[in-house]
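*Asks:* My structure is stored as entry_29.cif, with mmCIF, C-alpha atoms and all ligand atoms.
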data_target
loop_
_atom_site.label_atom_id
_atom_site.label_comp_id
_atom_site.auth_asym_id
_atom_site.auth_seq_id
_atom_site.Cartn_x
_atom_site.Cartn_y
_atom_site.Cartn_z
CA MET A 1 109.86 60.78 137.50
CA SER A 2 108.23 61.62 134.17
CA LYS A 3 104.47 61.51 133.96
CA SER A 4 102.60 58.56 132.47
CA PHE A 5 98.99 58.23 131.42
CA ASN A 6 96.12 55.77 131.43
CA VAL A 7 95.11 55.38 127.80
CA ALA A 8 92.04 53.74 126.23
CA VAL A 9 91.81 52.75 122.57
CA ALA A 10 88.14 52.57 121.55
CA GLY A 11 87.75 50.44 118.43
CA ALA A 12 91.05 48.70 119.16
CA THR A 13 90.37 45.81 116.78
CA GLY A 14 89.72 48.02 113.73
CA ALA A 15 92.20 48.92 110.99
CA VAL A 16 93.00 52.24 112.69
CA GLY A 17 92.71 50.95 116.27
CA VAL A 18 95.35 48.29 115.68
CA GLU A 19 97.73 50.96 114.35
CA MET A 20 96.94 53.25 117.29
CA VAL A 21 98.15 50.53 119.66
CA LYS A 22 101.27 49.88 117.56
CA THR A 23 102.02 53.61 117.27
CA LEU A 24 101.73 54.15 121.04
CA GLU A 25 104.30 51.39 121.47
CA LYS A 26 106.64 52.45 118.62
CA ARG A 27 106.74 56.10 119.72
CA ASN A 28 107.24 55.13 123.39
CA PHE A 29 104.16 57.02 124.47
CA PRO A 30 104.25 57.12 128.30
CA VAL A 31 101.39 54.63 128.86
CA LYS A 32 100.78 53.61 132.49
CA ASN A 33 97.81 51.38 131.71
CA LEU A 34 96.29 50.53 128.34
CA ARG A 35 92.61 49.63 128.06
CA LEU A 36 91.49 48.08 124.77
CA LEU A 37 87.81 48.51 123.93
CA ALA A 38 85.70 47.09 121.12
CA SER A 39 82.28 45.49 120.63
CA ALA A 40 81.00 42.47 122.55
CA ARG A 41 82.14 40.36 119.56
CA SER A 42 85.80 40.97 120.46
CA ALA A 43 85.53 40.92 124.28
CA GLY A 44 87.90 38.37 125.83
CA LYS A 45 90.29 38.25 122.86
CA THR A 46 93.78 39.64 123.42
CA MET A 47 96.16 42.00 121.64
CA LYS A 48 99.89 42.47 122.27
CA PHE A 49 101.25 45.69 123.76
CA ARG A 50 104.95 45.90 124.70
CA GLY A 51 105.17 42.12 124.59
CA GLU A 52 102.23 41.57 126.98
CA ASP A 53 98.76 40.25 126.19
CA VAL A 54 96.07 42.86 126.89
CA VAL A 55 92.49 41.56 127.10
CA ILE A 56 89.96 43.40 124.94
CA GLU A 57 86.89 44.61 126.85
CA GLU A 58 83.40 45.46 125.62
CA MET A 59 83.01 49.26 125.55
CA THR A 60 80.42 50.51 128.09
CA GLU A 61 79.64 53.80 129.87
CA ASN A 62 81.92 52.63 132.72
CA SER A 63 84.97 51.93 130.52
CA PHE A 64 86.55 55.37 131.00
CA LYS A 65 86.91 55.64 134.79
CA GLY A 66 90.54 56.51 135.59
CA ILE A 67 91.39 57.06 131.92
CA ASP A 68 93.38 60.20 130.97
CA ILE A 69 93.28 59.93 127.17
CA ALA A 70 90.78 57.98 125.02
CA LEU A 71 91.67 57.44 121.36
CA PHE A 72 88.44 56.73 119.46
CA SER A 73 88.13 55.02 116.10
CA ALA A 74 84.93 52.99 116.21
CA GLY A 75 82.73 55.16 113.94
CA GLY A 76 80.85 58.41 114.52
CA ASP A 77 77.78 56.88 116.19
CA ILE A 78 79.93 55.17 118.84
CA SER A 79 81.86 58.42 119.44
CA LYS A 80 78.59 60.30 119.94
CA LYS A 81 77.24 57.60 122.25
CA PHE A 82 80.28 57.62 124.55
CA ARG A 83 81.34 61.31 124.46
CA ARG A 84 79.57 62.14 127.74
CA SER A 85 81.04 59.12 129.59
CA VAL A 86 84.55 60.04 128.46
CA VAL A 87 84.27 63.73 129.38
CA ASP A 88 82.47 63.01 132.68
CA ALA A 89 85.30 60.62 133.60
CA GLY A 90 87.71 63.56 133.18
CA ALA A 91 89.43 62.02 130.17
CA VAL A 92 90.23 63.75 126.88
CA MET A 93 88.70 62.12 123.80
CA ILE A 94 90.77 62.22 120.61
CA ASP A 95 88.20 61.24 118.03
CA ASN A 96 88.97 59.93 114.56
CA SER A 97 85.36 60.10 113.34
CA SER A 98 83.69 63.04 111.59
CA ALA A 99 81.09 63.39 114.39
CA PHE A 100 82.41 66.55 116.11
CA ARG A 101 84.96 68.00 113.66
CA LEU A 102 83.07 71.17 112.77
CA GLU A 103 81.80 71.96 116.29
CA PRO A 104 83.25 75.38 117.29
CA ASP A 105 84.35 74.09 120.74
CA VAL A 106 86.16 71.07 119.30
CA PRO A 107 89.69 71.72 118.03
CA LEU A 108 90.42 70.02 114.72
CA VAL A 109 94.13 69.40 114.64
CA VAL A 110 97.06 68.26 112.55
CA PRO A 111 100.05 68.86 114.84
CA GLU A 112 102.26 70.02 111.93
CA VAL A 113 99.56 72.51 110.88
CA ASN A 114 97.77 74.03 113.93
CA PRO A 115 99.20 72.64 117.19
CA GLU A 116 98.17 75.85 118.99
CA ASP A 117 94.50 74.80 118.75
CA ILE A 118 95.00 71.73 120.98
CA ALA A 119 95.01 73.81 124.18
CA LYS A 120 91.50 75.18 123.37
CA HIS A 121 89.78 71.83 123.93
CA HIS A 122 86.85 71.14 126.26
CA GLY A 123 87.33 67.40 126.55
CA VAL A 124 87.19 66.51 122.84
CA ILE A 125 89.78 66.98 120.09
CA ALA A 126 88.96 65.83 116.57
CA ASN A 127 91.30 64.10 114.16
CA PRO A 128 90.58 65.46 110.66
CA ASN A 129 89.51 63.47 107.62
CA CYS A 130 92.39 61.34 106.33
CA SER A 131 92.62 63.01 102.90
CA THR A 132 92.53 66.47 104.48
CA ILE A 133 95.37 65.58 106.89
CA ILE A 134 97.59 64.27 104.10
CA MET A 135 96.84 67.31 101.92
CA LEU A 136 97.42 69.92 104.64
CA VAL A 137 100.73 68.48 105.87
CA ALA A 138 102.00 69.47 102.41
CA VAL A 139 99.88 72.56 101.73
CA ALA A 140 100.08 74.37 105.12
CA PRO A 141 103.80 75.25 104.86
CA LEU A 142 103.21 76.63 101.35
CA HIS A 143 100.18 78.55 102.63
CA ARG A 144 102.22 80.08 105.48
CA ALA A 145 104.80 81.33 102.97
CA LYS A 146 102.65 82.27 99.97
CA LYS A 147 99.02 82.45 101.18
CA LEU A 148 96.77 79.88 99.56
CA ARG A 149 93.74 81.32 97.72
CA ARG A 150 92.24 78.33 95.89
CA LEU A 151 92.83 74.59 95.74
CA VAL A 152 91.58 72.03 93.21
CA ALA A 153 92.04 68.43 94.33
CA ALA A 154 91.49 64.95 92.93
CA THR A 155 92.03 62.14 95.42
CA TYR A 156 92.99 58.51 94.89
CA GLN A 157 91.86 56.98 98.18
CA ALA A 158 92.83 53.54 99.46
CA ALA A 159 90.48 50.79 100.56
CA SER A 160 91.63 51.19 104.19
CA GLY A 161 89.47 54.33 104.41
CA ALA A 162 86.54 51.92 104.78
CA GLY A 163 88.27 50.15 107.68
CA ALA A 164 89.49 46.57 107.99
CA LYS A 165 86.45 45.41 106.01
CA GLY A 166 87.45 47.66 103.10
CA MET A 167 90.94 46.18 102.91
CA ASP A 168 89.53 42.63 103.23
CA GLU A 169 87.08 43.32 100.42
CA LEU A 170 89.81 44.53 98.05
CA LEU A 171 91.97 41.45 98.71
CA THR A 172 89.08 38.98 98.54
CA GLN A 173 87.59 40.49 95.38
CA THR A 174 90.95 40.60 93.60
CA ARG A 175 91.43 36.90 94.35
CA GLN A 176 87.83 36.06 93.31
CA LEU A 177 88.11 38.03 90.07
CA LEU A 178 91.39 36.33 89.12
CA ASP A 179 89.79 32.96 89.86
CA GLY A 180 86.70 33.83 87.77
CA GLN A 181 84.42 33.61 90.79
CA PRO A 182 81.34 35.79 91.43
CA ILE A 183 81.87 38.82 93.68
CA GLU A 184 79.56 40.63 96.06
CA PRO A 185 80.31 44.31 96.90
CA LYS A 186 79.61 45.07 100.58
CA ALA A 187 82.03 47.68 101.96
CA PHE A 188 81.84 49.75 98.74
CA ALA A 189 78.93 50.74 96.48
CA HIS A 190 80.48 48.85 93.54
CA ARG A 191 83.19 46.37 92.72
CA ILE A 192 86.59 47.75 93.88
CA GLY A 193 88.81 45.03 92.32
CA PHE A 194 90.29 46.37 89.01
CA ASN A 195 87.96 49.38 89.21
CA LEU A 196 87.68 52.80 90.81
CA ILE A 197 84.66 54.49 92.35
CA PRO A 198 84.11 58.30 92.33
CA HIS A 199 81.90 58.11 95.41
CA ILE A 200 83.13 58.34 99.04
CA ASP A 201 80.62 58.99 101.85
CA VAL A 202 77.10 60.16 100.93
CA PHE A 203 75.95 62.51 98.15
CA LEU A 204 74.69 65.97 99.16
CA ASP A 205 72.16 68.31 97.53
CA ASN A 206 74.88 70.18 95.60
CA ALA A 207 76.04 66.94 93.91
CA TYR A 208 79.30 66.85 95.88
CA THR A 209 79.92 64.01 98.32
CA LYS A 210 80.28 64.61 102.06
CA GLU A 211 83.93 63.51 101.79
CA GLU A 212 84.55 66.28 99.23
CA LEU A 213 83.04 68.93 101.49
CA LYS A 214 85.18 67.69 104.40
CA MET A 215 88.20 68.77 102.34
CA LEU A 216 86.70 72.28 102.05
CA ASN A 217 85.33 72.78 105.56
CA GLU A 218 88.19 71.15 107.46
CA THR A 219 90.83 73.05 105.46
CA ARG A 220 89.17 76.37 106.29
CA LYS A 221 88.83 75.46 109.96
CA MET A 222 92.46 74.34 110.39
CA LEU A 223 94.03 77.17 108.38
CA HIS A 224 91.69 79.68 110.12
CA ASP A 225 90.74 81.23 106.80
CA ASP A 226 87.17 81.03 105.46
CA SER A 227 88.14 82.78 102.23
CA ILE A 228 90.13 79.80 100.91
CA ARG A 229 88.26 78.17 98.01
CA VAL A 230 88.42 74.39 97.59
CA THR A 231 86.89 72.10 95.01
CA CYS A 232 87.52 68.41 94.96
CA THR A 233 86.65 65.01 93.49
CA CYS A 234 87.23 62.08 95.85
CA VAL A 235 87.80 58.68 94.27
CA ARG A 236 88.21 55.23 95.83
CA VAL A 237 90.94 53.22 94.10
CA PRO A 238 92.11 49.61 94.46
CA VAL A 239 95.11 50.48 96.65
CA LEU A 240 95.36 48.95 100.13
CA ARG A 241 96.30 51.66 102.60
CA ALA A 242 97.88 54.89 101.30
CA HIS A 243 95.99 57.80 99.79
CA SER A 244 97.33 59.93 96.92
CA GLU A 245 96.14 63.35 95.74
CA ALA A 246 96.72 65.55 92.68
CA LEU A 247 96.57 69.16 93.91
CA ASN A 248 96.39 72.38 91.91
CA LEU A 249 97.22 75.34 94.15
CA GLU A 250 96.69 79.06 93.60
CA PHE A 251 98.51 81.51 95.88
CA ALA A 252 98.27 85.26 96.58
CA ASP A 253 102.05 85.54 96.06
CA GLU A 254 104.26 84.28 93.26
CA VAL A 255 106.00 80.97 93.87
CA THR A 256 108.40 78.91 91.78
CA PRO A 257 108.79 75.12 91.98
CA ASP A 258 112.30 75.56 93.44
CA GLU A 259 110.97 77.81 96.19
CA ALA A 260 108.19 75.33 96.92
CA ARG A 261 110.72 72.46 97.09
CA ALA A 262 112.84 74.41 99.58
CA ILE A 263 109.81 75.27 101.75
CA LEU A 264 108.65 71.64 101.70
CA ALA A 265 112.12 70.24 102.38
CA ALA A 266 112.15 72.20 105.66
CA ALA A 267 108.56 71.29 106.65
CA PRO A 268 107.86 68.75 109.43
CA GLY A 269 106.17 65.52 108.39
CA VAL A 270 107.01 66.03 104.70
CA LYS A 271 109.45 64.16 102.49
CA VAL A 272 110.12 65.67 99.07
CA VAL A 273 110.34 62.92 96.45
CA ASP A 274 110.72 64.86 93.22
CA ASP A 275 113.30 63.58 90.76
CA PRO A 276 111.32 62.64 87.63
CA ALA A 277 114.50 62.01 85.59
CA ASN A 278 115.18 59.10 87.93
CA LYS A 279 111.51 58.06 88.04
CA LEU A 280 111.17 59.32 91.61
CA TYR A 281 107.77 60.72 92.63
CA PRO A 282 105.24 59.97 95.37
CA MET A 283 103.47 56.61 95.08
CA PRO A 284 101.09 55.01 97.58
CA ILE A 285 103.20 51.87 97.83
CA ASP A 286 106.19 53.96 98.96
CA ALA A 287 104.10 55.93 101.47
CA THR A 288 102.72 52.75 103.05
CA GLU A 289 103.71 52.31 106.71
CA LYS A 290 105.69 55.60 106.63
CA TYR A 291 105.08 58.54 108.96
CA ASP A 292 105.94 61.23 106.36
CA VAL A 293 103.71 62.53 103.57
CA LEU A 294 105.55 62.24 100.25
CA VAL A 295 105.38 65.31 97.96
CA GLY A 296 106.58 65.52 94.37
CA ARG A 297 105.69 66.29 90.73
CA ILE A 298 106.13 69.94 91.80
CA ARG A 299 105.66 72.17 88.76
CA GLN A 300 104.43 75.59 87.68
CA ASP A 301 100.81 75.56 86.52
CA ILE A 302 101.17 76.36 82.79
CA SER A 303 97.47 77.17 82.41
CA ARG A 304 98.15 80.55 84.05
CA ASP A 305 99.90 83.69 82.79
CA ASP A 306 101.46 84.39 86.18
CA ARG A 307 103.57 82.42 88.67
CA ARG A 308 100.89 82.06 91.29
CA GLY A 309 99.96 78.47 90.48
CA LEU A 310 101.56 75.13 91.31
CA ASP A 311 100.67 71.52 90.66
CA ILE A 312 101.86 68.90 93.14
CA PHE A 313 101.22 65.21 93.85
CA VAL A 314 101.15 63.81 97.39
CA ALA A 315 100.90 60.35 98.96
CA GLY A 316 100.50 59.43 102.63
CA ASP A 317 99.62 56.39 104.71
CA GLN A 318 95.89 56.67 105.39
CA VAL A 319 95.95 54.45 108.46
CA LEU A 320 99.03 56.16 110.02
CA LYS A 321 99.30 59.90 109.24
CA GLY A 322 95.70 59.93 108.02
CA ALA A 323 94.46 58.54 111.33
CA ALA A 324 96.39 56.63 114.05
CA LEU A 325 99.69 58.55 113.98
CA ASN A 326 97.94 61.94 113.89
CA ALA A 327 95.84 60.95 116.92
CA VAL A 328 98.91 59.77 118.88
CA GLN A 329 100.79 62.98 117.93
CA ILE A 330 97.87 65.00 119.35
CA ALA A 331 98.14 62.92 122.54
CA GLU A 332 101.87 63.67 122.68
CA HIS A 333 101.15 67.42 122.47
CA LEU A 334 98.56 67.09 125.24
P1 LIG A 401 84.78 44.81 116.69
O1 LIG A 401 86.00 44.34 116.02
O2 LIG A 401 84.54 44.13 118.01
O3 LIG A 401 83.55 44.84 115.80
P2 LIG A 401 86.89 49.20 111.30
O4 LIG A 401 86.69 50.68 111.08
O5 LIG A 401 88.24 48.72 110.89
O6 LIG A 401 85.77 48.40 110.72
O7 LIG A 401 86.81 49.00 112.92
C1 LIG A 401 85.72 49.39 113.70
C2 LIG A 401 86.07 49.27 115.19
O8 LIG A 401 84.94 49.70 115.97
C3 LIG A 401 86.35 47.83 115.63
O9 LIG A 401 87.32 47.82 116.65
C4 LIG A 401 85.00 47.40 116.17
O10 LIG A 401 85.06 46.36 117.13
C5 LIG A 401 84.55 48.67 116.86
N1 LIG A 401 83.11 48.66 117.08
C6 LIG A 401 82.14 48.47 116.15
N2 LIG A 401 80.91 48.51 116.74
C7 LIG A 401 81.13 48.74 118.06
C8 LIG A 401 80.27 48.88 119.23
N3 LIG A 401 78.93 48.80 119.13
N4 LIG A 401 80.85 49.08 120.45
C9 LIG A 401 82.18 49.15 120.55
N5 LIG A 401 83.04 49.04 119.51
C10 LIG A 401 82.52 48.83 118.28
#
Would it be possible to restate this file's structure as structure tokens?
Ligand code: A2P
*Replies:*
Amino acid sequence: MSKSFNVAVAGATGAVGVEMVKTLEKRNFPVKNLRLLASARSAGKTMKFRGEDVVIEEMTENSFKGIDIALFSAGGDISKKFRRSVVDAGAVMIDNSSAFRLEPDVPLVVPEVNPEDIAKHHGVIANPNCSTIIMLVAVAPLHRAKKLRRLVAATYQAASGAGAKGMDELLTQTRQLLDGQPIEPKAFAHRIGFNLIPHIDVFLDNAYTKEELKMLNETRKMLHDDSIRVTCTCVRVPVLRAHSEALNLEFADEVTPDEARAILAAAPGVKVVDDPANKLYPMPIDATEKYDVLVGRIRQDISRDDRRGLDIFVAGDQVLKGAALNAVQIAEHL
């Protein structure tokens, strides 16, 4: 008989938590028992799993007894609060927050990029930042072939990055603005309807945001190369749930767009969408609810005198590959 596991989803009612439950079901993860955990506000409500109603419980220190794998997406403070209870219960925590990502003992993993790091865990494995995951699914295969030296990124990040409340705010504000009603920004620093906001997470002393430094630090950690240089501007855009990124890449070795296309066509988790003559390129609407990261607009960087530079454009579902799917894939490797 094949093995099955007791799984907890912590933050089950959130934008990512809901997708974690759906992804476990869709990918036939061998779940023996599923425990759904959220705040006291949701306790007693139910969610469907494999056609059955599962009652949501309030998350407490005792929620993890008998659990093998706990998928966490309830925010960094909740992950920190419950880490001990999860590890003491003998479960493995796969955490979607940024709380533990840079701790040396915590593997930070995208299964297409560094699956070998999973085995090094001590009870906690971190899911990277959503924009970093989507970027590295495309960049890691190019790095393996041509050795990445420097990366310049601009992101176009969906409202879902701020959770269910972010998506609600985009929909509500769009409706209110069309109806000429007053709006009140809550999930974002400014109006998100018919606007964009170059500010994700908090500002740091060097004038970058924390989100922008996640792209640097998490890339170095996952590619095991602290010499890679990354600069980045992260922007929130009025898109519901898929992130896009314009990436300028500099490699140690020469690379042509055709070579890059061939490398990417063979890479797991990537779909090359690069036929500009037929208006085919990655767009967030086409990446929505898809497992693959779309890569296109692949071209030689004409600002250089050599062939060591490429420009590419990527789009990936923030809630799936950027969060829930990546966490479930880590569980599958475990
Ligand atoms: P709840 O729906 O009961 O508030 P999102 O990122 O989409 O906003 O989702 C956040 C998730 O984290 C939700 O499932 C939410 O549950 C859960 N959550 C928030 N605060 C707590 C808490 N104090 N204890 C347990 N779960 C929490």
*Asks:* Residues within 9 Å of ligand LIG 401 (chain A), counting only C-alpha atoms and all ligand atoms: report them as a PyMOL selection string.
*Replies:* chain A and resi 9-18+37-43+56+58-60+72-75+77-78+160-167
*Asks:* If we count only C-alpha atoms, what is near A:Glu289 at a cut-off of 9 Å, once residues fewer than 2 positions away on the same chain are taken out, given as a VMD selection string?
*Replies:* chain A and resid 241 to 242 285 to 287 291 316 to 317 319 to 320
*Asks:* My list of candidates is A:Pro141, A:Pro128, A:Pro268, A:Pro185. Which is closest to A:Gln318 when distances are computed with only C-alpha atoms?
*Replies:*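 Of A:Pro141, A:Pro128, A:Pro268, A:Pro185, the one nearest A:Gln318 is A:Pro128, counting only C-alpha atoms.
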*Asks:* Rounded to one decimal in Å, what is the spacing between atom CA of A:Ala323 and atom CA of A:Thr23?
*Replies:*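 That distance, rounded to one decimal, is 10.8 Å.
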*Asks:* Near A:Val255, within 7 Å and counting all atoms listed in the file, which residues show up once chain neighbours fewer than 4 positions away are dropped, as a JSON list (two decimals) with C-alpha atoms, keeping the file's coordinate frame?
*Replies:*
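Ended up saving to around.json:
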[["chain", "number", "residue", "atom", "x", "y", "z"],
["A", 259, "GLU", "CA", 110.97, 77.81, 96.19],
["A", 260, "ALA", "CA", 108.19, 75.33, 96.92],
["A", 307, "ARG", "CA", 103.57, 82.42, 88.67],
["A", 308, "ARG", "CA", 100.89, 82.06, 91.29]]
*Asks:* Would you work out the distance separating atom CA of A:His199 from atom CA of A:Ala187, expressed in Å to one decimal?
*Replies:* 12.3 Å
*Asks:* Nearest residue to A:Arg150 out of A:Thr233, A:Ser303, A:Gln181, A:Ser227, using all atoms listed in the file?
*Replies:*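 So, comparing all the options, the nearest one is A:Ser227.
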*Asks:* Would you kindly return, as number ranges by chain, each protein, DNA or RNA residue with an atom no farther than 9 Å from any atom of A:Ala70, considering only C-alpha atoms and excluding same-chain residues fewer than 4 positions away?
*Replies:* A: 6-10, 64, 86, 91-95
*Asks:* Rank nothing, just name the residue among A:Cys232, A:Ile197, A:Ala158, A:Ala267 nearest to A:Ser244, using all atoms listed in the file.
*Replies:*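 Closest to A:Ser244, using all atoms listed in the file: A:Ala158.
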*Asks:* From the list A:Lys146, A:Ala140, A:Arg83, A:Glu250, which residue is nearest A:Arg304 when using only C-alpha atoms?
*Replies:*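 Among A:Lys146, A:Ala140, A:Arg83, A:Glu250, it is A:Glu250 that comes nearest to A:Arg304.
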*Asks:* Need the shell around A:Asp53: protein/DNA/RNA residues with any atom at most 12 Å away, counting only C-alpha atoms. Skip same-chain ones fewer than 6 positions apart. Format as a list in words?
*Replies:*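 Using only C-alpha atoms, the neighbours found are Leu34, Arg35, Leu36, Gly44, Lys45, Thr46 and Met47 of chain A.
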*Asks:* Kindly indicate which residue among A:Leu213, A:Ala315, A:Ala153, A:Ala138 lies nearest to A:Ser98, using all atoms listed in the file for the distances.
*Replies:* A:Leu213
*Asks:* List as a list in words the residues having at least one atom at most 9 Å from position (106.9, 65.4, 106.2) as given in the file, counting all atoms listed in the file.
*Replies:*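 Checking each residue against the 9 Å limit leaves Glu112, Val137, Ala138, Leu264, Ala265, Ala266, Ala267, Pro268, Gly269, Val270, Lys271, Val272, Tyr291, Asp292, Val293, Leu294 and Val295 of chain A.
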*Asks:* Only C-alpha atoms, please: the residues just picked out, written as a CSV table (one decimal), in the coordinates of the input.
*Replies:*
chain,number,residue,atom,x,y,z
A,112,GLU,CA,102.3,70.0,111.9
A,137,VAL,CA,100.7,68.5,105.9
A,138,ALA,CA,102.0,69.5,102.4
A,264,LEU,CA,108.6,71.6,101.7
A,265,ALA,CA,112.1,70.2,102.4
A,266,ALA,CA,112.2,72.2,105.7
A,267,ALA,CA,108.6,71.3,106.6
A,268,PRO,CA,107.9,68.8,109.4
A,269,GLY,CA,106.2,65.5,108.4
A,270,VAL,CA,107.0,66.0,104.7
A,271,LYS,CA,109.4,64.2,102.5
A,272,VAL,CA,110.1,65.7,99.1
A,291,TYR,CA,105.1,58.5,109.0
A,292,ASP,CA,105.9,61.2,106.4
A,293,VAL,CA,103.7,62.5,103.6
A,294,LEU,CA,105.6,62.2,100.2
A,295,VAL,CA,105.4,65.3,98.0
*Asks:* I'd like the neighbourhood of A:Leu148 as a list in words, where a residue qualifies if any of its atoms comes within 9 Å (using only C-alpha atoms), though same-chain residues fewer than 2 positions away should be ignored.
*Replies:* Val139, Ala140, Leu142, His143, Arg144, Ala145, Lys146, Arg150, Leu151, Ile228, Arg229, Leu249, Glu250, Phe251, Ala252 and Asp253 of chain A
*Asks:* Quick check, in Å to one decimal: how far apart do atom CA of A:Cys234 and atom CA of A:Pro284 lie?
*Replies:*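 Interatomic distance, atom CA of A:Cys234 to atom CA of A:Pro284: 15.7 Å.
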*Asks:* When you count all atoms listed in the file, which of these residues is closest to A:Asn28: A:Leu310, A:Arg84, A:Phe49, A:Thr209?
*Replies:*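 For A:Asn28, the nearest of the given residues is A:Phe49.
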